[in-house]
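Student: My structure is stored as model-v4.pdb, with PDB, C-alpha atoms, pLDDT in the B column.
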ATOM      1  CA  MET E   1       9.081  26.724   5.242  1.00 68.00           C
ATOM      2  CA  GLY E   2      11.501  25.653   2.579  1.00 77.00           C
ATOM      3  CA  LYS E   3      13.060  22.318   1.665  1.00 85.00           C
ATOM      4  CA  PHE E   4      15.936  22.628   4.095  1.00 82.00           C
ATOM      5  CA  THR E   5      13.799  23.753   7.027  1.00 89.00           C
ATOM      6  CA  SER E   6      11.330  20.937   6.359  1.00 90.00           C
ATOM      7  CA  LEU E   7      14.127  18.374   6.235  1.00 92.00           C
ATOM      8  CA  GLU E   8      15.605  19.757   9.475  1.00 93.00           C
ATOM      9  CA  LYS E   9      12.233  19.160  11.168  1.00 92.00           C
ATOM     10  CA  CYS E  10      11.282  15.908   9.418  1.00 92.00           C
ATOM     11  CA  CYS E  11      11.190  12.826  11.621  1.00 90.00           C
ATOM     12  CA  LEU E  12      13.118  10.924   8.949  1.00 94.00           C
ATOM     13  CA  THR E  13      15.955  13.399   8.380  1.00 95.00           C
ATOM     14  CA  LYS E  14      16.260  15.671  11.436  1.00 94.00           C
ATOM     15  CA  ASP E  15      19.298  13.757  12.752  1.00 94.00           C
ATOM     16  CA  TRP E  16      21.135  13.772   9.424  1.00 96.00           C
ATOM     17  CA  ARG E  17      24.175  15.883   8.592  1.00 95.00           C
ATOM     18  CA  ILE E  18      23.409  19.035   6.609  1.00 95.00           C
ATOM     19  CA  GLU E  19      25.199  17.610   3.541  1.00 96.00           C
ATOM     20  CA  GLU E  20      22.942  14.561   3.557  1.00 96.00           C
ATOM     21  CA  ARG E  21      19.789  16.674   3.814  1.00 96.00           C
ATOM     22  CA  ALA E  22      21.062  18.947   1.022  1.00 95.00           C
ATOM     23  CA  ALA E  23      21.681  15.940  -1.225  1.00 97.00           C
ATOM     24  CA  LEU E  24      18.143  14.644  -0.665  1.00 97.00           C
ATOM     25  CA  ALA E  25      16.605  18.111  -1.096  1.00 96.00           C
ATOM     26  CA  HIS E  26      17.857  18.178  -4.682  1.00 96.00           C
ATOM     27  CA  TYR E  27      15.397  15.370  -5.556  1.00 98.00           C
ATOM     28  CA  LEU E  28      12.286  16.748  -3.851  1.00 97.00           C
ATOM     29  CA  GLU E  29       9.399  18.376  -5.708  1.00 97.00           C
ATOM     30  CA  LYS E  30       6.857  20.841  -4.291  1.00 97.00           C
ATOM     31  CA  GLN E  31       3.158  19.926  -4.136  1.00 97.00           C
ATOM     32  CA  GLU E  32       0.321  22.016  -2.742  1.00 97.00           C
ATOM     33  CA  LEU E  33      -3.235  21.152  -1.743  1.00 97.00           C
ATOM     34  CA  THR E  34      -6.201  23.271  -0.798  1.00 98.00           C
ATOM     35  CA  LYS E  35      -8.420  22.514   2.185  1.00 98.00           C
ATOM     36  CA  ASN E  36     -10.458  19.280   1.769  1.00 97.00           C
ATOM     37  CA  GLU E  37      -8.436  18.170  -1.259  1.00 97.00           C
ATOM     38  CA  PRO E  38      -7.207  14.549  -1.105  1.00 95.00           C
ATOM     39  CA  LEU E  39      -3.481  13.848  -1.109  1.00 94.00           C
ATOM     40  CA  PHE E  40      -4.202  10.193  -1.844  1.00 92.00           C
ATOM     41  CA  ILE E  41      -7.185   7.869  -1.602  1.00 88.00           C
ATOM     42  CA  GLU E  42      -7.510   4.303  -0.364  1.00 87.00           C
ATOM     43  CA  ASP E  43      -6.939   1.691  -3.092  1.00 85.00           C
ATOM     44  CA  HIS E  44      -4.893   4.071  -5.256  1.00 85.00           C
ATOM     45  CA  SER E  45      -1.316   3.102  -5.950  1.00 84.00           C
ATOM     46  CA  GLU E  46       0.842   6.201  -6.444  1.00 87.00           C
ATOM     47  CA  ARG E  47       4.337   5.693  -5.062  1.00 93.00           C
ATOM     48  CA  LYS E  48       5.540   8.856  -3.346  1.00 95.00           C
ATOM     49  CA  LEU E  49       7.048   9.951  -0.051  1.00 95.00           C
ATOM     50  CA  TYR E  50       5.425  13.130   1.277  1.00 96.00           C
ATOM     51  CA  ILE E  51       7.047  15.442   3.821  1.00 96.00           C
ATOM     52  CA  ILE E  52       4.553  17.931   5.211  1.00 96.00           C
ATOM     53  CA  ASP E  53       5.928  21.452   4.877  1.00 96.00           C
ATOM     54  CA  SER E  54       2.857  23.331   6.141  1.00 96.00           C
ATOM     55  CA  GLY E  55      -0.750  22.630   7.043  1.00 97.00           C
ATOM     56  CA  LEU E  56      -2.574  19.694   8.603  1.00 97.00           C
ATOM     57  CA  VAL E  57      -3.505  16.403   6.955  1.00 96.00           C
ATOM     58  CA  SER E  58      -6.064  13.873   8.142  1.00 94.00           C
ATOM     59  CA  VAL E  59      -5.053  10.266   7.468  1.00 92.00           C
ATOM     60  CA  SER E  60      -7.903   7.762   7.847  1.00 90.00           C
ATOM     61  CA  LEU E  61      -7.918   4.002   8.086  1.00 84.00           C
ATOM     62  CA  GLY E  62     -11.437   2.737   8.598  1.00 82.00           C
ATOM     63  CA  PHE E  63     -12.789   4.460  11.708  1.00 82.00           C
ATOM     64  CA  MET E  64      -9.375   5.646  12.937  1.00 84.00           C
ATOM     65  CA  THR E  65      -7.953   9.044  12.050  1.00 88.00           C
ATOM     66  CA  VAL E  66      -4.533  10.571  12.616  1.00 88.00           C
ATOM     67  CA  GLU E  67      -3.788  14.267  12.155  1.00 92.00           C
ATOM     68  CA  MET E  68      -0.338  14.987  10.788  1.00 93.00           C
ATOM     69  CA  GLY E  69       1.457  18.298  10.449  1.00 94.00           C
ATOM     70  CA  PRO E  70       4.727  19.977   9.491  1.00 95.00           C
ATOM     71  CA  GLY E  71       7.803  17.797   9.814  1.00 93.00           C
ATOM     72  CA  GLN E  72       5.898  14.545   9.543  1.00 94.00           C
ATOM     73  CA  SER E  73       6.103  12.147   6.625  1.00 94.00           C
ATOM     74  CA  LEU E  74       3.725   9.732   4.964  1.00 92.00           C
ATOM     75  CA  GLY E  75       3.695   7.417   1.985  1.00 90.00           C
ATOM     76  CA  GLU E  76       7.294   6.329   2.496  1.00 90.00           C
ATOM     77  CA  PHE E  77       6.552   2.607   2.423  1.00 87.00           C
ATOM     78  CA  SER E  78       5.239   2.921  -1.139  1.00 89.00           C
ATOM     79  CA  LEU E  79       8.813   3.541  -2.318  1.00 92.00           C
ATOM     80  CA  PHE E  80       9.618  -0.069  -1.448  1.00 90.00           C
ATOM     81  CA  GLN E  81       6.454  -1.937  -2.314  1.00 87.00           C
ATOM     82  CA  ASP E  82       3.955  -1.568  -5.140  1.00 86.00           C
ATOM     83  CA  THR E  83       0.696  -1.963  -3.252  1.00 82.00           C
ATOM     84  CA  LYS E  84      -2.522  -0.009  -3.090  1.00 83.00           C
ATOM     85  CA  LYS E  85      -2.966   2.549  -0.329  1.00 83.00           C
ATOM     86  CA  LYS E  86      -4.795   1.317   2.745  1.00 85.00           C
ATOM     87  CA  THR E  87      -5.468   4.864   3.948  1.00 87.00           C
ATOM     88  CA  THR E  88      -6.936   8.118   2.688  1.00 92.00           C
ATOM     89  CA  ALA E  89      -5.154  11.431   3.334  1.00 94.00           C
ATOM     90  CA  ILE E  90      -7.062  14.721   3.041  1.00 96.00           C
ATOM     91  CA  ALA E  91      -5.892  18.286   3.654  1.00 97.00           C
ATOM     92  CA  LEU E  92      -7.613  19.766   6.717  1.00 97.00           C
ATOM     93  CA  GLU E  93      -6.328  23.180   5.629  1.00 97.00           C
ATOM     94  CA  ASP E  94      -4.207  24.505   2.786  1.00 98.00           C
ATOM     95  CA  CYS E  95      -1.033  22.387   2.768  1.00 97.00           C
ATOM     96  CA  SER E  96       2.310  22.161   1.061  1.00 97.00           C
ATOM     97  CA  PHE E  97       4.534  19.107   0.773  1.00 97.00           C
ATOM     98  CA  TRP E  98       7.984  18.138  -0.402  1.00 97.00           C
ATOM     99  CA  VAL E  99       7.574  14.987  -2.469  1.00 97.00           C
ATOM    100  CA  LEU E 100       9.985  12.246  -3.454  1.00 98.00           C
ATOM    101  CA  THR E 101       8.478  10.343  -6.386  1.00 96.00           C
ATOM    102  CA  LEU E 102       9.433   6.770  -7.215  1.00 96.00           C
ATOM    103  CA  GLU E 103      11.301   8.005 -10.286  1.00 97.00           C
ATOM    104  CA  ARG E 104      13.319  10.498  -8.208  1.00 98.00           C
ATOM    105  CA  TRP E 105      13.912   7.806  -5.558  1.00 97.00           C
ATOM    106  CA  GLU E 106      15.464   5.596  -8.233  1.00 97.00           C
ATOM    107  CA  LEU E 107      17.795   8.496  -9.093  1.00 98.00           C
ATOM    108  CA  VAL E 108      18.728   8.966  -5.423  1.00 98.00           C
ATOM    109  CA  LYS E 109      19.649   5.272  -5.196  1.00 98.00           C
ATOM    110  CA  GLU E 110      21.765   5.544  -8.342  1.00 98.00           C
ATOM    111  CA  GLU E 111      23.391   8.951  -7.822  1.00 98.00           C
ATOM    112  CA  VAL E 112      23.743   9.233  -4.020  1.00 98.00           C
ATOM    113  CA  PRO E 113      23.553   5.681  -2.651  1.00 98.00           C
ATOM    114  CA  ASP E 114      24.739   6.733   0.820  1.00 98.00           C
ATOM    115  CA  VAL E 115      21.748   9.081   1.125  1.00 97.00           C
ATOM    116  CA  ALA E 116      19.430   6.339  -0.173  1.00 97.00           C
ATOM    117  CA  ALA E 117      20.795   3.960   2.460  1.00 97.00           C
ATOM    118  CA  LYS E 118      20.336   6.589   5.172  1.00 97.00           C
ATOM    119  CA  LEU E 119      16.730   7.265   4.101  1.00 96.00           C
ATOM    120  CA  THR E 120      16.001   3.535   3.994  1.00 94.00           C
ATOM    121  CA  GLN E 121      17.396   3.199   7.515  1.00 94.00           C
ATOM    122  CA  SER E 122      15.248   6.121   8.734  1.00 93.00           C
ATOM    123  CA  ILE E 123      12.112   4.628   7.168  1.00 92.00           C
ATOM    124  CA  ASN E 124      12.902   1.247   8.739  1.00 89.00           C
ATOM    125  CA  GLN E 125      13.256   2.928  12.139  1.00 89.00           C
ATOM    126  CA  LYS E 126       9.920   4.700  11.688  1.00 85.00           C
ATOM    127  CA  MET E 127       8.304   1.364  10.806  1.00 81.00           C
ATOM    128  CA  ALA E 128       9.833  -0.270  13.892  1.00 79.00           C
ATOM    129  CA  ASN E 129       8.497   2.554  16.082  1.00 74.00           C
ATOM    130  CA  LEU E 130       5.018   2.221  14.568  1.00 71.00           C
ATOM    131  CA  LEU E 131       5.004  -1.533  15.104  1.00 68.00           C
ATOM    132  CA  GLU E 132       6.151  -1.115  18.695  1.00 68.00           C
ATOM    133  CA  ILE E 133       3.390   1.387  19.445  1.00 60.00           C
ATOM    134  CA  SER E 134       0.759  -0.762  17.719  1.00 61.00           C
ATOM    135  CA  GLN E 135       1.674  -3.732  19.932  1.00 61.00           C
ATOM    136  CA  LEU E 136       1.057  -1.826  23.159  1.00 55.00           C
ATOM    137  CA  PRO E 137      -2.358  -1.887  24.784  1.00 58.00           C
ATOM    138  CA  PRO E 138      -4.045   1.533  24.459  1.00 58.00           C
ATOM    139  CA  ARG E 139      -3.729   2.338  28.176  1.00 53.00           C
ATOM    140  CA  VAL E 140       0.021   1.648  28.175  1.00 52.00           C
ATOM    141  CA  SER E 141       0.440   3.666  24.978  1.00 50.00           C
ATOM    142  CA  GLU E 142      -1.418   6.538  26.615  1.00 56.00           C
ATOM    143  CA  MET E 143       0.815   6.395  29.698  1.00 51.00           C
ATOM    144  CA  ILE E 144       4.013   6.348  27.620  1.00 50.00           C
ATOM    145  CA  THR E 145       3.063   8.989  25.066  1.00 53.00           C
ATOM    146  CA  GLY E 146       0.849  11.173  27.230  1.00 54.00           C
ATOM    147  CA  ARG E 147      -1.705  11.121  24.423  1.00 53.00           C
ATOM    148  CA  SER E 148      -5.172   9.633  24.477  1.00 52.00           C
ATOM    149  CA  PHE E 149      -6.073   6.953  21.959  1.00 50.00           C
ATOM    150  CA  HIS E 150      -9.761   6.727  21.003  1.00 49.00           C
ATOM    151  CA  ASP E 151     -11.675   4.446  18.675  1.00 42.00           C
ATOM    152  CA  THR E 152     -12.825   7.323  16.496  1.00 40.00           C
ATOM    153  CA  GLU E 153      -9.839   9.608  16.420  1.00 43.00           C
ATOM    154  CA  VAL E 154      -6.136   9.312  17.135  1.00 44.00           C
ATOM    155  CA  HIS E 155      -3.914  12.366  17.432  1.00 43.00           C
ATOM    156  CA  ARG E 156      -0.196  11.693  17.685  1.00 43.00           C
ATOM    157  CA  GLN E 157       3.158  12.662  16.333  1.00 43.00           C
ATOM    158  CA  ILE E 158       4.750   9.760  14.479  1.00 43.00           C
TER     159      ILE E 158
END
Show me this structure written as structure tokens.

Tutor:
Amino acid sequence: MGKFTSLEKCCLTKDWRIEERAALAHYLEKQELTKNEPLFIEDHSERKLYIIDSGLVSVSLGFMTVEMGPGQSLGEFSLFQDTKKKTTAIALEDCSFWVLTLERWELVKEEVPDVAAKLTQSINQKMANLLEISQLPPRVSEMITGRSFHDTEVHRQI
């Protein structure tokens, strides 16, 4: 896929107007990983938003694992807070990403503040959705999402 196709499918930007996605696309950089290569590791502190263009990524937190694929995003909270990663993300197959670095994010805020506000709103909504799901007992979550939640592995679209 390309930048525009990825942004059309991305959970953060799929509902945006084409002009808004085009403005954000200008600030994204391409990154590729080979199978088993880490995207980031727990306790590291890089500050980047990743939009998965192709491939599958395993994101682990302790004994829980989530598989993420094209159109999904990760790392977005690091744009707002300088903390170490609590998860590790590893490519399960060759992957490509569109990346918004902290430096490019600062430019977005300065040069296209409406797009920055829209992205912030989308990230806040994603966070609210994650918090809502995390508050539900596993059985209720399974009934609502139709997906099974296990102690060792979690597979879901976020």

Student: On this file, the PyMOL selection byres ((chain E and resi 59-76) around 6) gives some set of residues; write that set as a PyMOL selection string.

Tutor: chain E and resi 6+9-11+48-58+77-79+87-89+152-155

Student: Work out how far apart atom CA of Leu7 of chain E and atom CA of Glu20 of chain E are and give it in Å to one decimal.

Tutor: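 That distance, rounded to one decimal, is 10.0 Å.
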
Student: With all atoms listed in the file as the basis for distance, which of E:Thr120, E:Thr101, E:Ser96, E:Ser45 is at the shortest distance from Glu32 of chain E?

Tutor: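 Comparing E:Thr120, E:Thr101, E:Ser96, E:Ser45 against Glu32 of chain E, the winner is E:Ser96.
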
Student: Between atom CA of Glu8 of chain E and atom CA of Glu42 of chain E, what is the spacing in Å?

Tutor: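 That distance, rounded to one decimal, is 29.5 Å.
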
Student: Given the choices E:Lys84, E:Trp98, E:Asn124, E:Leu92, which gets closest to Glu46 of chain E if the distance is worked out from all atoms listed in the file?

Tutor: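 Closest to Glu46 of chain E of all the choices is E:Lys84.
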
Student: Excluding segment 109-115 of chain E and any residue of its chain fewer than 4 positions from it, enumerate the residues within 8 Å of it, using all atoms listed in the file, and give them as a PDB file with C-alpha atoms, in the coordinates of the input.

Tutor:
ATOM      1  CA  GLU E  20      22.942  14.561   3.557  1.00 96.00           C
ATOM      2  CA  ALA E  23      21.681  15.940  -1.225  1.00 97.00           C
ATOM      3  CA  LEU E  24      18.143  14.644  -0.665  1.00 97.00           C
ATOM      4  CA  TRP E 105      13.912   7.806  -5.558  1.00 97.00           C
ATOM      5  CA  LEU E 119      16.730   7.265   4.101  1.00 96.00           C
TER       6      LEU E 119
END

Student: Atom CA of Arg47 of chain E and atom CA of Thr83 of chain E, how far apart in Å?

Tutor: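 Separation of atom CA of Thr83 of chain E and atom CA of Arg47 of chain E: 8.7 Å.
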
Student: Excluding His26 of chain E and its own-chain neighbours fewer than 3 positions away, which residues fall within 10 Å of it when counting only C-alpha atoms? Please give them as a list of chain:residue names.

Tutor: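 My reading of the contact set: E:Lys3, E:Arg21, E:Ala22, E:Ala23, E:Glu29, E:Leu100, E:Arg104, E:Val108.
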
Student: Between E:Thr34, E:Phe80, E:Ile41, E:Lys86, which residue has the minimum interatomic distance to Ile123 of chain E, considering all atoms listed in the file?

Tutor: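 When distances to Ile123 of chain E are compared using all atoms listed in the file, the smallest one comes from E:Phe80.
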
Student: Could you give me segment 94-129 of chain E completed to N, CA and C atoms, formatted as a PDB file, keeping the file's coordinate frame?

Tutor:
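Saved file result-v2.pdb follows:
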ATOM      1  N   ASP E  94      -5.157  24.405   3.890  1.00 98.00           N
ATOM      2  CA  ASP E  94      -4.207  24.505   2.786  1.00 98.00           C
ATOM      3  C   ASP E  94      -2.867  23.932   3.246  1.00 98.00           C
ATOM      4  N   CYS E  95      -2.259  23.098   2.402  1.00 97.00           N
ATOM      5  CA  CYS E  95      -1.033  22.387   2.768  1.00 97.00           C
ATOM      6  C   CYS E  95      -0.001  22.480   1.653  1.00 97.00           C
ATOM      7  N   SER E  96       1.250  22.343   2.047  1.00 97.00           N
ATOM      8  CA  SER E  96       2.310  22.161   1.061  1.00 97.00           C
ATOM      9  C   SER E  96       3.189  20.998   1.517  1.00 97.00           C
ATOM     10  N   PHE E  97       3.750  20.313   0.538  1.00 97.00           N
ATOM     11  CA  PHE E  97       4.534  19.107   0.773  1.00 97.00           C
ATOM     12  C   PHE E  97       5.805  19.152  -0.065  1.00 97.00           C
ATOM     13  N   TRP E  98       6.826  18.467   0.412  1.00 97.00           N
ATOM     14  CA  TRP E  98       7.984  18.138  -0.402  1.00 97.00           C
ATOM     15  C   TRP E  98       7.842  16.660  -0.718  1.00 97.00           C
ATOM     16  N   VAL E  99       7.915  16.326  -1.999  1.00 97.00           N
ATOM     17  CA  VAL E  99       7.574  14.987  -2.469  1.00 97.00           C
ATOM     18  C   VAL E  99       8.776  14.332  -3.134  1.00 97.00           C
ATOM     19  N   LEU E 100       8.988  13.070  -2.778  1.00 98.00           N
ATOM     20  CA  LEU E 100       9.985  12.246  -3.454  1.00 98.00           C
ATOM     21  C   LEU E 100       9.213  11.180  -4.222  1.00 98.00           C
ATOM     22  N   THR E 101       9.187  11.311  -5.545  1.00 96.00           N
ATOM     23  CA  THR E 101       8.478  10.343  -6.386  1.00 96.00           C
ATOM     24  C   THR E 101       9.322   9.078  -6.532  1.00 96.00           C
ATOM     25  N   LEU E 102       8.704   8.017  -6.987  1.00 96.00           N
ATOM     26  CA  LEU E 102       9.433   6.770  -7.215  1.00 96.00           C
ATOM     27  C   LEU E 102      10.554   6.983  -8.224  1.00 96.00           C
ATOM     28  N   GLU E 103      10.282   7.753  -9.266  1.00 97.00           N
ATOM     29  CA  GLU E 103      11.301   8.005 -10.286  1.00 97.00           C
ATOM     30  C   GLU E 103      12.503   8.740  -9.695  1.00 97.00           C
ATOM     31  N   ARG E 104      12.230   9.745  -8.852  1.00 98.00           N
ATOM     32  CA  ARG E 104      13.319  10.498  -8.208  1.00 98.00           C
ATOM     33  C   ARG E 104      14.040   9.623  -7.178  1.00 98.00           C
ATOM     34  N   TRP E 105      13.311   8.738  -6.510  1.00 97.00           N
ATOM     35  CA  TRP E 105      13.912   7.806  -5.558  1.00 97.00           C
ATOM     36  C   TRP E 105      14.913   6.895  -6.268  1.00 97.00           C
ATOM     37  N   GLU E 106      14.539   6.432  -7.460  1.00 97.00           N
ATOM     38  CA  GLU E 106      15.464   5.596  -8.233  1.00 97.00           C
ATOM     39  C   GLU E 106      16.747   6.364  -8.547  1.00 97.00           C
ATOM     40  N   LEU E 107      16.613   7.661  -8.850  1.00 98.00           N
ATOM     41  CA  LEU E 107      17.795   8.496  -9.093  1.00 98.00           C
ATOM     42  C   LEU E 107      18.634   8.660  -7.829  1.00 98.00           C
ATOM     43  N   VAL E 108      17.994   8.854  -6.694  1.00 98.00           N
ATOM     44  CA  VAL E 108      18.728   8.966  -5.423  1.00 98.00           C
ATOM     45  C   VAL E 108      19.555   7.705  -5.204  1.00 98.00           C
ATOM     46  N   LYS E 109      18.937   6.540  -5.402  1.00 98.00           N
ATOM     47  CA  LYS E 109      19.649   5.272  -5.196  1.00 98.00           C
ATOM     48  C   LYS E 109      20.849   5.145  -6.124  1.00 98.00           C
ATOM     49  N   GLU E 110      20.692   5.636  -7.344  1.00 98.00           N
ATOM     50  CA  GLU E 110      21.765   5.544  -8.342  1.00 98.00           C
ATOM     51  C   GLU E 110      22.856   6.593  -8.118  1.00 98.00           C
ATOM     52  N   GLU E 111      22.449   7.833  -7.850  1.00 98.00           N
ATOM     53  CA  GLU E 111      23.391   8.951  -7.822  1.00 98.00           C
ATOM     54  C   GLU E 111      23.987   9.239  -6.445  1.00 98.00           C
ATOM     55  N   VAL E 112      23.240   9.006  -5.385  1.00 98.00           N
ATOM     56  CA  VAL E 112      23.743   9.233  -4.020  1.00 98.00           C
ATOM     57  C   VAL E 112      23.335   8.052  -3.131  1.00 98.00           C
ATOM     58  N   PRO E 113      23.960   6.892  -3.363  1.00 98.00           N
ATOM     59  CA  PRO E 113      23.553   5.681  -2.651  1.00 98.00           C
ATOM     60  C   PRO E 113      23.679   5.781  -1.127  1.00 98.00           C
ATOM     61  N   ASP E 114      24.616   6.575  -0.636  1.00 98.00           N
ATOM     62  CA  ASP E 114      24.739   6.733   0.820  1.00 98.00           C
ATOM     63  C   ASP E 114      23.497   7.405   1.401  1.00 98.00           C
ATOM     64  N   VAL E 115      22.964   8.390   0.681  1.00 97.00           N
ATOM     65  CA  VAL E 115      21.748   9.081   1.125  1.00 97.00           C
ATOM     66  C   VAL E 115      20.552   8.128   1.024  1.00 97.00           C
ATOM     67  N   ALA E 116      20.509   7.326  -0.029  1.00 97.00           N
ATOM     68  CA  ALA E 116      19.430   6.339  -0.173  1.00 97.00           C
ATOM     69  C   ALA E 116      19.464   5.341   0.981  1.00 97.00           C
ATOM     70  N   ALA E 117      20.659   4.901   1.341  1.00 97.00           N
ATOM     71  CA  ALA E 117      20.795   3.960   2.460  1.00 97.00           C
ATOM     72  C   ALA E 117      20.352   4.609   3.770  1.00 97.00           C
ATOM     73  N   LYS E 118      20.710   5.865   3.950  1.00 97.00           N
ATOM     74  CA  LYS E 118      20.336   6.589   5.172  1.00 97.00           C
ATOM     75  C   LYS E 118      18.812   6.761   5.250  1.00 97.00           C
ATOM     76  N   LEU E 119      18.184   7.107   4.120  1.00 96.00           N
ATOM     77  CA  LEU E 119      16.730   7.265   4.101  1.00 96.00           C
ATOM     78  C   LEU E 119      16.042   5.922   4.360  1.00 96.00           C
ATOM     79  N   THR E 120      16.552   4.870   3.761  1.00 94.00           N
ATOM     80  CA  THR E 120      16.001   3.535   3.994  1.00 94.00           C
ATOM     81  C   THR E 120      16.083   3.174   5.474  1.00 94.00           C
ATOM     82  N   GLN E 121      17.217   3.470   6.088  1.00 94.00           N
ATOM     83  CA  GLN E 121      17.396   3.199   7.515  1.00 94.00           C
ATOM     84  C   GLN E 121      16.398   4.009   8.352  1.00 94.00           C
ATOM     85  N   SER E 122      16.195   5.268   8.002  1.00 93.00           N
ATOM     86  CA  SER E 122      15.248   6.121   8.734  1.00 93.00           C
ATOM     87  C   SER E 122      13.820   5.608   8.595  1.00 93.00           C
ATOM     88  N   ILE E 123      13.455   5.172   7.395  1.00 92.00           N
ATOM     89  CA  ILE E 123      12.112   4.628   7.168  1.00 92.00           C
ATOM     90  C   ILE E 123      11.935   3.325   7.946  1.00 92.00           C
ATOM     91  N   ASN E 124      12.967   2.488   7.957  1.00 89.00           N
ATOM     92  CA  ASN E 124      12.902   1.247   8.739  1.00 89.00           C
ATOM     93  C   ASN E 124      12.710   1.539  10.224  1.00 89.00           C
ATOM     94  N   GLN E 125      13.399   2.560  10.728  1.00 89.00           N
ATOM     95  CA  GLN E 125      13.256   2.928  12.139  1.00 89.00           C
ATOM     96  C   GLN E 125      11.840   3.424  12.425  1.00 89.00           C
ATOM     97  N   LYS E 126      11.297   4.226  11.506  1.00 85.00           N
ATOM     98  CA  LYS E 126       9.920   4.700  11.688  1.00 85.00           C
ATOM     99  C   LYS E 126       8.963   3.515  11.728  1.00 85.00           C
ATOM    100  N   MET E 127       9.153   2.556  10.838  1.00 81.00           N
ATOM    101  CA  MET E 127       8.304   1.364  10.806  1.00 81.00           C
ATOM    102  C   MET E 127       8.424   0.588  12.119  1.00 81.00           C
ATOM    103  N   ALA E 128       9.633   0.436  12.625  1.00 79.00           N
ATOM    104  CA  ALA E 128       9.833  -0.270  13.892  1.00 79.00           C
ATOM    105  C   ALA E 128       9.109   0.448  15.029  1.00 79.00           C
ATOM    106  N   ASN E 129       9.187   1.775  15.052  1.00 74.00           N
ATOM    107  CA  ASN E 129       8.497   2.554  16.082  1.00 74.00           C
ATOM    108  C   ASN E 129       6.985   2.381  15.987  1.00 74.00           C
TER     109      ASN E 129
END
